[in-house]
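Asker: Supplied structure: my_file.cif, mmCIF, C-alpha atoms and all ligand atoms.
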data_data
#
loop_
_atom_site.label_atom_id
_atom_site.label_comp_id
_atom_site.auth_asym_id
_atom_site.auth_seq_id
_atom_site.Cartn_x
_atom_site.Cartn_y
_atom_site.Cartn_z
CA MET A 1 0.00 0.00 0.00
CA ARG A 2 1.27 3.48 -0.83
CA ILE A 3 0.43 6.45 1.34
CA VAL A 4 1.36 10.04 0.48
CA ALA A 5 1.27 12.40 3.47
CA ASP A 6 2.03 16.05 4.15
CA GLU A 7 5.30 16.27 6.12
CA ASN A 8 3.58 18.74 8.48
CA ILE A 9 1.22 16.13 9.99
CA PRO A 10 2.68 14.93 13.30
CA GLY A 11 2.00 11.54 14.83
CA LEU A 12 2.45 9.43 11.68
CA GLU A 13 5.76 7.92 12.84
CA GLY A 14 4.39 4.43 13.52
CA LEU A 15 2.15 4.29 10.46
CA ALA A 16 4.42 2.79 7.80
CA ALA A 17 5.57 -0.12 9.97
CA SER A 18 2.20 -0.89 11.49
CA VAL A 19 0.34 -1.26 8.20
CA SER A 20 3.35 -2.30 6.05
CA ALA A 21 2.91 0.75 3.87
CA ASP A 22 5.25 2.72 1.72
CA LEU A 23 4.83 6.19 3.30
CA ARG A 24 6.04 9.25 1.37
CA ARG A 25 6.20 12.54 3.31
CA LEU A 26 6.15 15.68 1.16
CA PRO A 27 5.70 19.43 1.63
CA GLY A 28 1.94 20.03 1.28
CA ARG A 29 2.28 22.48 -1.59
CA SER A 30 4.35 19.92 -3.57
CA ILE A 31 1.67 17.24 -3.45
CA THR A 32 0.38 17.31 -7.02
CA ALA A 33 -1.08 14.84 -9.51
CA THR A 34 2.42 13.46 -10.27
CA GLU A 35 3.03 12.57 -6.60
CA VAL A 36 -0.29 10.81 -6.03
CA HIS A 37 -0.70 8.88 -9.29
CA ASN A 38 0.04 5.53 -7.65
CA ALA A 39 -1.11 6.31 -4.11
CA ASP A 40 -3.80 4.32 -2.26
CA ALA A 41 -4.26 6.93 0.44
CA LEU A 42 -3.57 10.64 0.71
CA LEU A 43 -3.18 12.51 4.02
CA ILE A 44 -3.04 16.28 3.63
CA ARG A 45 -3.45 19.65 5.26
CA SER A 46 -5.25 22.73 3.93
CA VAL A 47 -2.44 23.80 1.59
CA THR A 48 -2.93 20.86 -0.81
CA ARG A 49 -5.67 21.44 -3.38
CA VAL A 50 -7.44 18.17 -4.12
CA ASP A 51 -9.29 19.01 -7.33
CA ALA A 52 -10.73 16.87 -10.11
CA GLY A 53 -7.39 16.89 -11.96
CA LEU A 54 -5.51 15.43 -9.00
CA ILE A 55 -8.26 12.94 -8.14
CA ASP A 56 -8.59 11.65 -11.70
CA SER A 57 -4.84 11.17 -12.03
CA ALA A 58 -4.85 8.68 -9.11
CA PRO A 59 -6.66 5.50 -10.24
CA ARG A 60 -5.72 3.53 -7.09
CA LEU A 61 -6.80 6.20 -4.61
CA ARG A 62 -9.22 4.85 -1.99
CA PHE A 63 -8.92 7.34 0.85
CA VAL A 64 -8.32 11.08 1.22
CA GLY A 65 -8.02 12.57 4.70
CA THR A 66 -7.28 16.16 5.68
CA ALA A 67 -5.94 16.86 9.17
CA THR A 68 -8.03 20.03 9.32
CA SER A 69 -11.52 21.18 10.21
CA GLY A 70 -12.00 23.17 7.00
CA HIS A 71 -12.32 21.25 3.74
CA ASP A 72 -12.81 24.02 1.18
CA HIS A 73 -9.60 22.84 -0.54
CA ILE A 74 -11.17 19.53 -1.56
CA ASP A 75 -13.57 18.59 -4.36
CA ARG A 76 -15.73 16.32 -2.21
CA GLN A 77 -18.27 15.74 -4.98
CA ARG A 78 -15.55 14.32 -7.24
CA LEU A 79 -14.32 12.06 -4.44
CA MET A 80 -17.87 10.82 -3.92
CA ASP A 81 -18.39 10.26 -7.68
CA ARG A 82 -15.19 8.18 -7.74
CA GLY A 83 -16.20 6.23 -4.59
CA ILE A 84 -13.14 7.48 -2.68
CA ALA A 85 -13.61 7.64 1.10
CA PHE A 86 -13.06 11.05 2.67
CA ALA A 87 -12.40 12.23 6.21
CA HIS A 88 -11.56 15.49 7.90
CA ALA A 89 -11.01 16.34 11.56
CA PRO A 90 -14.00 18.43 12.68
CA GLY A 91 -13.56 19.97 16.10
CA SER A 92 -10.01 18.66 16.53
CA ASN A 93 -8.57 22.16 16.82
CA ALA A 94 -11.67 23.97 18.11
CA ARG A 95 -10.17 24.45 21.60
CA SER A 96 -6.99 25.80 20.05
CA VAL A 97 -8.92 28.40 18.02
CA ILE A 98 -11.00 29.39 21.06
CA GLU A 99 -7.86 29.93 23.13
CA TYR A 100 -6.40 32.02 20.28
CA VAL A 101 -9.55 34.18 20.21
CA LEU A 102 -9.60 34.61 24.00
CA ALA A 103 -5.90 35.47 24.01
CA ALA A 104 -6.43 38.06 21.26
CA ILE A 105 -9.18 39.63 23.36
CA ALA A 106 -7.17 39.46 26.59
CA GLU A 107 -4.12 41.06 24.96
CA THR A 108 -5.98 43.94 23.31
CA ASP A 109 -6.44 47.00 25.52
CA ASP A 110 -9.27 46.57 28.04
CA PHE A 111 -11.54 44.41 25.88
CA LEU A 112 -11.62 41.56 28.40
CA GLU A 113 -12.55 43.99 31.21
CA ARG A 114 -15.31 45.41 28.98
CA LEU A 115 -16.71 41.93 28.30
CA PHE A 116 -16.78 41.04 32.00
CA ALA A 117 -18.49 44.38 32.65
CA GLY A 118 -21.48 43.53 30.43
CA GLY A 119 -20.02 43.72 26.92
CA ARG A 120 -20.91 41.25 24.18
CA VAL A 121 -19.12 38.90 21.79
CA GLY A 122 -20.63 38.53 18.29
CA ILE A 123 -19.96 35.11 16.76
CA VAL A 124 -20.36 34.56 13.01
CA GLY A 125 -20.75 30.84 12.25
CA TYR A 126 -22.26 28.36 14.69
CA GLY A 127 -20.40 25.16 13.85
CA ASN A 128 -17.91 23.24 15.97
CA ILE A 129 -15.94 26.32 16.99
CA GLY A 130 -18.85 28.76 17.27
CA GLN A 131 -20.85 26.40 19.49
CA ARG A 132 -17.95 25.60 21.80
CA LEU A 133 -17.00 29.26 22.03
CA GLY A 134 -20.60 30.10 22.99
CA ARG A 135 -20.54 27.47 25.75
CA CYS A 136 -17.20 28.73 27.01
CA LEU A 137 -18.51 32.33 27.14
CA ASP A 138 -21.61 31.13 29.01
CA GLY A 139 -19.31 29.55 31.59
CA LEU A 140 -17.28 32.73 31.91
CA GLY A 141 -20.47 34.77 32.28
CA ILE A 142 -19.89 36.79 29.09
CA ASP A 143 -22.84 37.75 26.86
CA TRP A 144 -22.78 36.68 23.18
CA SER A 145 -24.95 36.54 20.08
CA VAL A 146 -24.50 34.57 16.88
CA SER A 147 -25.36 34.67 13.19
CA ASP A 148 -25.52 31.47 11.15
CA PRO A 149 -28.28 31.74 8.55
CA TRP A 150 -27.73 28.13 7.39
CA LYS A 151 -29.05 26.85 10.70
CA GLU A 152 -32.61 26.93 12.05
CA PRO A 153 -32.74 29.90 14.48
CA ALA A 154 -34.84 27.77 16.86
CA GLY A 155 -31.85 25.48 17.38
CA ILE A 156 -29.46 28.32 18.20
CA PRO A 157 -29.40 30.10 21.54
CA ASN A 158 -28.77 33.84 21.14
CA ALA A 159 -29.39 33.82 17.35
CA ALA A 160 -29.43 37.34 15.94
CA PRO A 161 -29.29 39.10 12.57
CA LEU A 162 -25.77 39.75 11.24
CA ALA A 163 -26.13 43.53 11.78
CA HIS A 164 -26.76 42.94 15.50
CA VAL A 165 -23.83 40.52 15.78
CA LEU A 166 -21.58 43.10 14.11
CA SER A 167 -22.57 45.68 16.73
CA ALA A 168 -20.90 43.63 19.51
CA ASP A 169 -17.73 44.74 21.34
CA VAL A 170 -15.82 41.78 19.87
CA VAL A 171 -16.78 40.21 16.53
CA THR A 172 -15.18 36.84 15.81
CA LEU A 173 -15.57 34.90 12.55
CA HIS A 174 -15.96 31.11 12.55
CA THR A 175 -17.70 30.31 9.29
CA GLU A 176 -16.49 27.82 6.77
CA LEU A 177 -15.53 29.38 3.41
CA THR A 178 -18.37 28.86 0.96
CA GLU A 179 -19.74 30.51 -2.14
CA ALA A 180 -22.98 28.55 -1.86
CA MET A 181 -26.19 30.54 -2.20
CA PRO A 182 -28.17 31.97 -0.54
CA PHE A 183 -25.66 32.65 2.27
CA PRO A 184 -22.13 32.71 0.85
CA SER A 185 -19.47 33.47 3.46
CA CYS A 186 -16.89 34.58 0.90
CA HIS A 187 -16.42 38.34 1.46
CA LEU A 188 -19.18 38.25 4.07
CA LEU A 189 -17.26 41.14 5.58
CA ASN A 190 -17.06 43.63 2.75
CA ARG A 191 -17.22 47.43 2.43
CA ARG A 192 -20.88 47.47 3.42
CA THR A 193 -20.74 45.11 6.40
CA LEU A 194 -17.38 46.41 7.66
CA ALA A 195 -19.08 49.80 7.96
CA CYS A 196 -21.26 48.28 10.75
CA LEU A 197 -18.18 47.94 12.99
CA SER A 198 -17.56 50.87 15.30
CA SER A 199 -14.30 52.34 16.51
CA ARG A 200 -14.83 50.41 19.77
CA THR A 201 -15.07 47.00 18.04
CA LEU A 202 -12.39 44.33 17.91
CA LEU A 203 -12.72 42.16 14.78
CA ILE A 204 -11.03 38.73 14.80
CA ASN A 205 -10.77 36.43 11.79
CA ALA A 206 -9.45 32.90 12.44
CA SER A 207 -11.68 31.20 9.85
CA ARG A 208 -10.57 31.59 6.23
CA GLY A 209 -8.91 34.66 4.72
CA ALA A 210 -11.53 35.26 2.03
CA VAL A 211 -14.39 35.56 4.55
CA VAL A 212 -13.10 39.15 4.85
CA ASP A 213 -12.48 41.29 1.77
CA ASN A 214 -8.90 42.19 2.69
CA ILE A 215 -8.75 45.27 0.47
CA ALA A 216 -11.99 46.61 1.96
CA LEU A 217 -10.64 45.92 5.48
CA ARG A 218 -7.46 47.85 4.71
CA GLY A 219 -9.61 50.81 3.67
CA ARG A 220 -11.81 50.48 6.77
CA LEU A 221 -8.75 50.46 9.04
CA ASP A 222 -7.65 53.79 7.53
CA ALA A 223 -10.91 55.53 8.46
CA VAL A 224 -11.04 57.90 11.45
CA ASP A 225 -13.57 55.61 13.16
CA ALA A 226 -11.59 52.43 12.38
CA PRO A 227 -12.21 49.30 14.46
CA LEU A 228 -9.30 47.21 15.75
CA ALA A 229 -8.56 43.98 13.90
CA VAL A 230 -6.72 40.70 14.44
CA LEU A 231 -6.15 38.35 11.49
CA ASP A 232 -4.86 34.81 11.62
CA VAL A 233 -5.96 34.02 8.06
CA TRP A 234 -5.43 35.96 4.87
CA GLU A 235 -6.56 36.23 1.31
CA ASN A 236 -3.81 34.94 -1.01
CA GLU A 237 -1.99 32.81 1.60
CA PRO A 238 0.87 32.26 1.91
CA MET A 239 1.50 35.84 0.80
CA PRO A 240 -0.32 38.12 3.25
CA ASP A 241 -0.92 41.77 2.41
CA THR A 242 1.82 43.39 4.49
CA ASP A 243 0.17 46.83 4.21
CA LEU A 244 -2.84 45.27 5.91
CA LEU A 245 -0.61 43.62 8.53
CA ALA A 246 0.80 47.06 9.37
CA ARG A 247 -2.73 48.24 10.25
CA LEU A 248 -3.62 45.30 12.51
CA ARG A 249 -3.45 44.98 16.28
CA PHE A 250 -2.19 41.43 15.80
CA GLY A 251 -1.48 39.27 12.76
CA SER A 252 -0.41 35.62 12.66
CA ALA A 253 0.46 32.98 10.08
CA HIS A 254 -2.71 30.83 10.12
CA ILE A 255 -1.77 29.13 13.37
CA ALA A 256 -4.89 29.65 15.50
CA GLY A 257 -5.66 25.94 15.27
CA TYR A 258 -2.05 24.85 15.68
CA SER A 259 -2.02 23.58 19.26
CA TRP A 260 -0.01 20.39 19.62
CA ASP A 261 -3.05 18.75 21.24
CA GLY A 262 -5.25 19.68 18.27
CA LYS A 263 -2.74 18.41 15.72
CA LEU A 264 -2.32 15.04 17.44
CA LEU A 265 -6.08 14.65 17.84
CA ALA A 266 -6.59 15.38 14.13
CA THR A 267 -4.05 12.68 13.26
CA ARG A 268 -5.77 10.15 15.52
CA MET A 269 -9.14 10.98 13.93
CA LEU A 270 -7.75 10.56 10.41
CA LEU A 271 -5.96 7.30 11.15
CA ALA A 272 -9.14 5.82 12.63
CA GLU A 273 -11.14 6.84 9.54
CA MET A 274 -8.45 5.58 7.18
CA ALA A 275 -8.28 2.25 8.99
CA ALA A 276 -12.04 1.83 8.69
CA ALA A 277 -12.04 2.77 4.99
CA LEU A 278 -9.12 0.52 4.04
CA SER A 279 -9.84 -2.31 6.51
CA ILE A 280 -6.48 -2.04 8.25
CA THR A 281 -5.52 -1.82 11.91
CA PRO A 282 -4.48 1.74 12.83
CA PRO A 283 -1.27 2.32 14.77
CA VAL A 284 -1.83 3.18 18.43
CA SER A 285 -1.02 6.82 19.10
CA GLN A 286 -1.14 8.30 22.56
CA SER A 287 -2.14 11.77 23.65
CA GLU A 288 0.54 13.59 25.65
CA ALA A 289 -0.33 15.04 29.06
CA ALA A 290 0.45 18.76 29.26
CA PRO A 291 2.53 20.13 32.14
CA ALA A 292 0.46 21.40 35.08
CA LEU A 293 -0.41 25.09 35.23
CA ASP A 294 0.94 27.41 37.88
CA VAL A 295 -1.56 30.24 38.37
CA ALA A 296 -1.51 32.58 41.34
CA ALA A 297 -4.83 33.23 43.05
CA GLY A 298 -3.82 36.87 43.57
CA HIS A 299 -5.95 38.29 40.74
CA THR A 300 -9.26 39.09 42.36
CA ASP A 301 -10.89 40.48 39.19
CA SER A 302 -12.15 38.00 36.59
CA ALA A 303 -10.39 39.66 33.64
CA GLY A 304 -7.00 39.73 35.37
CA PHE A 305 -7.34 36.12 36.46
CA VAL A 306 -8.39 34.85 33.02
CA ARG A 307 -5.63 36.87 31.36
CA ALA A 308 -3.05 35.32 33.69
CA LEU A 309 -4.43 31.86 33.00
CA LEU A 310 -4.41 32.27 29.20
CA SER A 311 -0.88 33.62 29.16
CA GLN A 312 0.33 30.42 30.84
CA ARG A 313 -0.17 28.63 27.54
CA TYR A 314 -0.37 31.13 24.73
CA ARG A 315 0.37 34.73 23.81
CA VAL A 316 -0.81 35.95 20.42
CA ALA A 317 1.70 38.82 20.66
CA GLU A 318 4.49 36.26 20.20
CA ASP A 319 3.03 34.95 16.92
CA ASP A 320 2.43 38.53 15.80
CA ARG A 321 6.10 39.37 16.45
CA LEU A 322 7.28 36.33 14.51
CA LEU A 323 5.11 37.17 11.50
CA ARG A 324 6.10 40.84 11.39
CA GLU A 325 9.81 40.00 11.69
CA ALA A 326 9.56 37.34 8.97
CA MET A 327 7.68 39.66 6.60
CA HIS A 328 10.11 42.49 7.28
CA ALA A 329 13.14 40.31 6.55
CA ALA A 330 11.72 38.90 3.30
CA GLN A 331 12.09 41.07 0.20
CA SER A 332 10.03 39.60 -2.64
CA ALA A 333 6.45 38.30 -2.56
CA GLU A 334 7.82 34.78 -3.10
CA SER A 335 10.20 34.99 -0.18
CA LYS A 336 7.38 36.33 2.03
CA GLY A 337 5.35 33.27 1.00
CA ARG A 338 8.23 30.95 1.90
CA ALA A 339 8.68 32.73 5.24
CA PHE A 340 4.94 32.43 6.03
CA ASP A 341 5.01 28.68 5.28
CA SER A 342 8.20 28.27 7.25
CA LEU A 343 6.62 29.83 10.38
CA ARG A 344 3.85 27.25 10.11
CA ARG A 345 6.15 24.29 9.40
CA SER A 346 8.43 25.06 12.33
CA TYR A 347 5.64 26.02 14.74
CA ARG A 348 6.42 25.39 18.40
CA GLN A 349 4.64 22.69 20.42
CA ARG A 350 1.95 24.90 21.88
CA ARG A 351 -0.18 23.16 24.51
CA GLU A 352 -3.83 23.90 25.21
CA LEU A 353 -5.18 25.16 28.52
CA ALA A 354 -8.10 22.79 28.14
CA GLY A 355 -7.28 19.44 29.68
CA SER A 356 -4.41 20.90 31.74
CA ALA A 357 -4.43 20.43 35.50
CA VAL A 358 -4.08 23.13 38.14
CA ASP A 359 -3.80 23.07 41.92
CA GLY A 360 -6.92 25.04 42.89
CA ARG A 361 -6.70 24.88 46.67
CA ARG A 362 -6.24 28.66 46.99
CA PHE A 363 -8.91 29.60 44.41
CA ASN A 364 -12.17 31.21 45.43
CA ASN A 365 -15.49 30.07 43.93
CA ASN A 366 -15.39 32.59 41.09
CA GLN A 367 -11.87 31.54 40.13
CA ARG A 368 -12.92 27.88 40.18
CA ARG A 369 -15.79 28.67 37.82
CA LEU A 370 -13.53 30.59 35.42
CA VAL A 371 -10.89 27.87 35.39
CA THR A 372 -13.46 25.15 34.75
CA SER A 373 -15.07 27.16 31.92
CA LEU A 374 -11.73 27.08 30.12
CA GLY A 375 -11.60 23.30 30.36
CA VAL A 376 -8.87 23.28 33.00
CA ILE A 377 -9.04 20.48 35.57
CA ILE A 378 -8.87 21.46 39.25
CA GLU A 379 -6.76 18.89 41.05
CA ASP A 380 -7.72 19.27 44.68
CA GLY A 381 -10.78 17.09 44.23
CA ALA A 382 -13.19 19.91 44.97
CA GLY A 383 -13.53 21.18 41.38
N1 LIG B 1 -7.26 29.51 11.64
C1 LIG B 1 -7.20 28.23 11.88
O1 LIG B 1 -6.15 27.71 12.24
C2 LIG B 1 -8.43 27.40 11.75
C3 LIG B 1 -9.44 27.76 10.91
N2 LIG B 1 -10.57 27.01 10.82
C4 LIG B 1 -11.62 27.50 9.93
O2 LIG B 1 -12.75 27.81 10.73
C5 LIG B 1 -13.91 27.34 10.10
C6 LIG B 1 -14.95 27.02 11.14
O3 LIG B 1 -14.55 25.85 11.82
P1 LIG B 1 -15.62 24.83 12.39
O4 LIG B 1 -16.47 25.52 13.37
O5 LIG B 1 -14.88 23.63 12.80
O6 LIG B 1 -16.46 24.52 11.07
P2 LIG B 1 -17.93 23.97 10.94
O7 LIG B 1 -18.04 23.41 9.57
O8 LIG B 1 -18.25 23.09 12.10
O9 LIG B 1 -18.85 25.27 11.04
C7 LIG B 1 -18.91 26.24 10.06
C8 LIG B 1 -20.20 27.01 10.27
O10 LIG B 1 -20.21 28.13 9.39
C9 LIG B 1 -21.56 28.34 9.04
N3 LIG B 1 -21.70 29.25 7.91
C10 LIG B 1 -21.53 29.00 6.58
N4 LIG B 1 -21.79 30.11 5.87
C11 LIG B 1 -22.12 31.08 6.76
C12 LIG B 1 -22.50 32.44 6.63
N5 LIG B 1 -22.64 33.03 5.44
N6 LIG B 1 -22.75 33.15 7.76
C13 LIG B 1 -22.63 32.58 8.99
N7 LIG B 1 -22.31 31.27 9.17
C14 LIG B 1 -22.05 30.54 8.06
C15 LIG B 1 -22.08 26.93 8.77
O11 LIG B 1 -23.51 26.88 8.76
C16 LIG B 1 -21.46 26.18 9.93
O12 LIG B 1 -22.33 26.14 11.04
C17 LIG B 1 -13.44 26.10 9.30
O13 LIG B 1 -14.26 25.87 8.20
C18 LIG B 1 -12.07 26.47 8.89
O14 LIG B 1 -12.15 27.08 7.65
C19 LIG B 1 -10.76 25.90 11.58
C20 LIG B 1 -9.78 25.48 12.44
C21 LIG B 1 -8.50 26.16 12.55
O1 LIG B 2 -8.33 23.05 10.57
C1 LIG B 2 -8.37 23.98 9.75
O2 LIG B 2 -9.34 24.21 9.01
C2 LIG B 2 -7.20 24.87 9.64
O3 LIG B 2 -7.29 25.97 9.20
C3 LIG B 2 -5.90 24.32 10.08
O4 LIG B 2 -5.63 24.51 11.41
C4 LIG B 2 -4.83 24.93 9.25
O5 LIG B 2 -3.77 24.08 9.16
P1 LIG B 2 -3.05 23.70 7.77
O6 LIG B 2 -3.72 22.52 7.29
O7 LIG B 2 -3.22 24.83 6.83
O8 LIG B 2 -1.65 23.46 8.16
#
Have the structure of the file written as structure tokens, please.
Ligand SMILES: NC(=O)C1=CN([C@@H]2O[C@H](COP(=O)(O)OP(=O)(O)OC[C@H]3O[C@@H](n4cnc5c(N)ncnc54)[C@H](O)[C@@H]3O)[C@@H](O)[C@H]2O)C=CC1
Ligand SMILES: O=C(O)C(=O)[C@H](O)COP(=O)(O)O
Answerer:
Amino acid sequence: MRIVADENIPGLEGLAASVSADLRRLPGRSITATEVHNADALLIRSVTRVDAGLIDSAPRLRFVGTATSGHDHIDRQRLMDRGIAFAHAPGSNARSVIEYVLAAIAETDDFLERLFAGGRVGIVGYGNIGQRLGRCLDGLGIDWSVSDPWKEPAGIPNAAPLAHVLSADVVTLHTELTEAMPFPSCHLLNRRTLACLSSRTLLINASRGAVVDNIALRGRLDAVDAPLAVLDVWENEPMPDTDLLARLRFGSAHIAGYSWDGKLLATRMLLAEMAAALSITPPVSQSEAAPALDVAAGHTDSAGFVRALLSQRYRVAEDDRLLREAMHAAQSAESKGRAFDSLRRSYRQRRELAGSAVDGRRFNNNQRRLVTSLGVIIEDGAG
């Protein structure tokens, strides 16, 4: 059996031996029709475009798996027509994205204080990430509303029209990228809708670059009443608009979902699906326990405490610094693209807060509630 896999998918070390496969690891952008023509299975990330041309050039292909939540890079209809099994990893990196969003809020001015003082988060897209973010905000005691016109409003708590969602203190985008009518998400934030954001709004996009019209956003950020913006995803990746980056509070290289926990979970999900599709026994891969947290109980205000907790695991300012330095050092558009990809390939092993343990003996009841809302496990047995 021949398996072609993106070299940026961790946790595949035991695969070749355990299923007696010939495993070829390649950079995702180099996986083309030529590389997959004799493959039985293909394991990719979002940078490999699996279109009809690639699919039809691989007569032996029986399984395609992407270690991502999004699957807008794959022609799923063609896979179905050819009877090729498909899997993605929905929800695998949802916690990672939520922690990115919370960190972006916590690191931007007093937005976290404003939210705890009665402000509101507007969520666009109520899928895996949107739903979990809503639950997390409920736990923290932060108000939120959501727009997802593809879903029955009756099934969504806090459903609201897009204009209302865009009037929130923080607007965070979690839609898939789709051009499907009647509710395409491509350029959902355009000149008209960006005008709904006020100068006191923080806009965060960790979905797909093209959900926001990047040129329109650049214009909006030049206005006197400009909102603040944080982008993890860009139109024309891997070559972000560096003039837009200069206008952002934070920018990062499409790493919101890149926690180590999320990546390993995605791999486990794919291997289980591949094993079922190809009738093989998947290799056993373990999850890795994260080091315990060390959070002082000294912060009596909710915002200060949550900020301290988040910064134990992740600081978006660090990814912002890395991206700005890399873009500054690169001269041509091509070298900026290589630098962007390189930041992603060599990304550090970032651990999630969720699932981490903390000694909560000195925490008060409010601190216990906040910690638990973030998925952290209190170890004194009283949590
Ligand atoms: N930056 C990163 O590292 C990551 C980015 N993503 C992106 O985030 C997206 C969301 O992730 P999940 O929640 O797991 O996906 P999901 O597929 O579970 O949910 C997507 C939601 O978007 C909704 N939607 C579609 N068009 C919409 C529109 N016009 N307005 C409002 N909602 C709309 C859908 O109805 C669905 O509920 C993924 O599709 C992926 O593109 C996901 C993980 C990591
Ligand atoms: O899961 C998704 O969807 C994502 O956007 C991934 O986190 C992005 O990772 P790559 O596949 O682009 O490395």
Asker: Would you list the residues that come within 6 Å of ligand LIG 2 (chain B)? Count all atoms listed in the file and give the answer as a list in words.
Answerer: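 Based on all atoms listed in the file, ligand LIG 2 (chain B) is surrounded within 6 Å by Arg45, Ser46, Val47, Thr68, Ser69, Gly70, Gly257 and Tyr258 of chain A.
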Asker: Using all atoms listed in the file, can you list as a ChimeraX atom specification the residues within 8 Å of (-4.1, 22.6, -1.7)?
Answerer: /A:28-29,45-50,73-74
Asker: To box range 331-349 of chain A, take all atoms listed in the file, fit an axis-aligned box, add 8 Å on each side, and give centre and edge lengths in Å to one decimal, as JSON.
Answerer:
{"center_x": 8.0, "center_y": 31.9, "center_z": 8.7, "size_x": 24.2, "size_y": 34.4, "size_z": 39.5}
Asker: Write out as a PyMOL selection string each polymer residue whose atoms come within 12 Å of Arg321 in chain A, counting only C-alpha atoms; drop sequence neighbours fewer than 6 positions from it.
Answerer: chain A and resi 245-246+249-253+315+327-328+343
Asker: Could you list, with a cut-off of 8 Å and counting all atoms listed in the file, the residues of chain A near ligand LIG 1 (chain B), each shown with its nearest atom pair and the distance in Å rounded to one decimal, rows sorted by chain and ascending number, as a tab-separated table?
Answerer:
residue	atom	partner	partner_atom	distance
A:Thr68	CA	B:LIG1	C20	6.5
A:Ser69	CA	B:LIG1	O5	4.9
A:Gly70	CA	B:LIG1	O13	3.7
A:His71	CA	B:LIG1	O13	6.7
A:Asp72	CA	B:LIG1	O14	7.2
A:Pro90	CA	B:LIG1	O5	5.3
A:Gly91	CA	B:LIG1	O5	5.1
A:Ser92	CA	B:LIG1	O5	7.9
A:Asn93	CA	B:LIG1	C20	5.6
A:Ala94	CA	B:LIG1	C20	6.2
A:Ser96	CA	B:LIG1	C21	7.7
A:Val97	CA	B:LIG1	C21	5.9
A:Val124	CA	B:LIG1	C13	5.0
A:Gly125	CA	B:LIG1	N7	3.5
A:Tyr126	CA	B:LIG1	O12	4.3
A:Gly127	CA	B:LIG1	O9	3.2
A:Asn128	CA	B:LIG1	O4	3.7
A:Ile129	CA	B:LIG1	O4	3.7
A:Gly130	CA	B:LIG1	O4	5.6
A:Gln131	CA	B:LIG1	O4	7.6
A:Ser147	CA	B:LIG1	C13	5.4
A:Asp148	CA	B:LIG1	C13	3.8
A:Pro149	CA	B:LIG1	C13	5.7
A:Trp150	CA	B:LIG1	O11	4.6
A:Lys151	CA	B:LIG1	O11	5.9
A:Leu173	CA	B:LIG1	O2	7.8
A:His174	CA	B:LIG1	C6	4.4
A:Thr175	CA	B:LIG1	O10	3.3
A:Glu176	CA	B:LIG1	O13	3.3
A:Leu177	CA	B:LIG1	O14	5.9
A:Thr178	CA	B:LIG1	N4	6.1
A:Ala180	CA	B:LIG1	N4	8.0
A:Phe183	CA	B:LIG1	N5	4.4
A:Pro184	CA	B:LIG1	N5	4.6
A:Ser185	CA	B:LIG1	N5	3.8
A:Cys186	CA	B:LIG1	N5	7.5
A:Leu188	CA	B:LIG1	N5	6.4
A:Asn205	CA	B:LIG1	N1	7.8
A:Ala206	CA	B:LIG1	N1	4.1
A:Ser207	CA	B:LIG1	O2	3.7
A:Arg208	CA	B:LIG1	O14	5.0
A:Asp232	CA	B:LIG1	N1	5.8
A:Val233	CA	B:LIG1	N1	5.9
A:His254	CA	B:LIG1	N1	5.0
A:Ile255	CA	B:LIG1	O1	4.7
A:Ala256	CA	B:LIG1	O1	4.0
A:Gly257	CA	B:LIG1	O1	3.5
A:Tyr258	CA	B:LIG1	O1	6.1
Asker: Quick one: everything within 12 Å of range 105-114 of chain A, counting only C-alpha atoms, minus sequence neighbours fewer than 2 positions away in the same chain. Send it as a PyMOL selection string.
Answerer: chain A and resi 98-103+116-121+137+140-143+168-172+200-204+228-230+248-250+301-311+314-318+320
Asker: Mind giving me the straight-line distance from CA of Phe63 in chain A to CA of Pro283 in chain A in Å, one decimal?
Answerer: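 One can read the CA of Phe63 in chain A to CA of Pro283 in chain A distance as 16.7 Å.
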Asker: Can you work out the spacing between CA of Leu221 in chain A and CA of His187 in chain A in Å, to one decimal?
Answerer: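 CA of His187 in chain A lies at a distance of 16.2 Å from CA of Leu221 in chain A.
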Asker: Show which residues sit within 10 Å of Thr281 in chain A, as a PDB file with C-alpha atoms, in the coordinates of the input. Count all atoms listed in the file, and ignore same-chain residues fewer than 2 positions away.
Answerer:
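Below is the file out.pdb, written as the result:
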ATOM      1  CA  LEU A  15       2.150   4.290  10.460  1.00  0.00           C
ATOM      2  CA  SER A  18       2.200  -0.890  11.490  1.00  0.00           C
ATOM      3  CA  VAL A  19       0.340  -1.260   8.200  1.00  0.00           C
ATOM      4  CA  LEU A 271      -5.960   7.300  11.150  1.00  0.00           C
ATOM      5  CA  ALA A 272      -9.140   5.820  12.630  1.00  0.00           C
ATOM      6  CA  MET A 274      -8.450   5.580   7.180  1.00  0.00           C
ATOM      7  CA  ALA A 275      -8.280   2.250   8.990  1.00  0.00           C
ATOM      8  CA  ALA A 276     -12.040   1.830   8.690  1.00  0.00           C
ATOM      9  CA  LEU A 278      -9.120   0.520   4.040  1.00  0.00           C
ATOM     10  CA  SER A 279      -9.840  -2.310   6.510  1.00  0.00           C
ATOM     11  CA  PRO A 283      -1.270   2.320  14.770  1.00  0.00           C
ATOM     12  CA  VAL A 284      -1.830   3.180  18.430  1.00  0.00           C
TER      13      VAL A 284
END
Asker: Return the single residue from A:Ser285, A:Pro161, A:Arg25, A:Ala52 that is closest to Leu270 in chain A, with distances computed using only C-alpha atoms.
Answerer: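 Closest residue, counting only C-alpha atoms: A:Ser285.
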Asker: Find the residues around Gly53 in chain A up to 12 Å (all atoms listed in the file counted), leave out those fewer than 6 positions away in its own chain, and share them as a list in words.
Answerer: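 Once the nearby chain positions are removed, what remains is Thr32, Ala33, Thr34, Val36, His37, Pro59, Ile74, Asp75, Arg78 and Leu79 of chain A.
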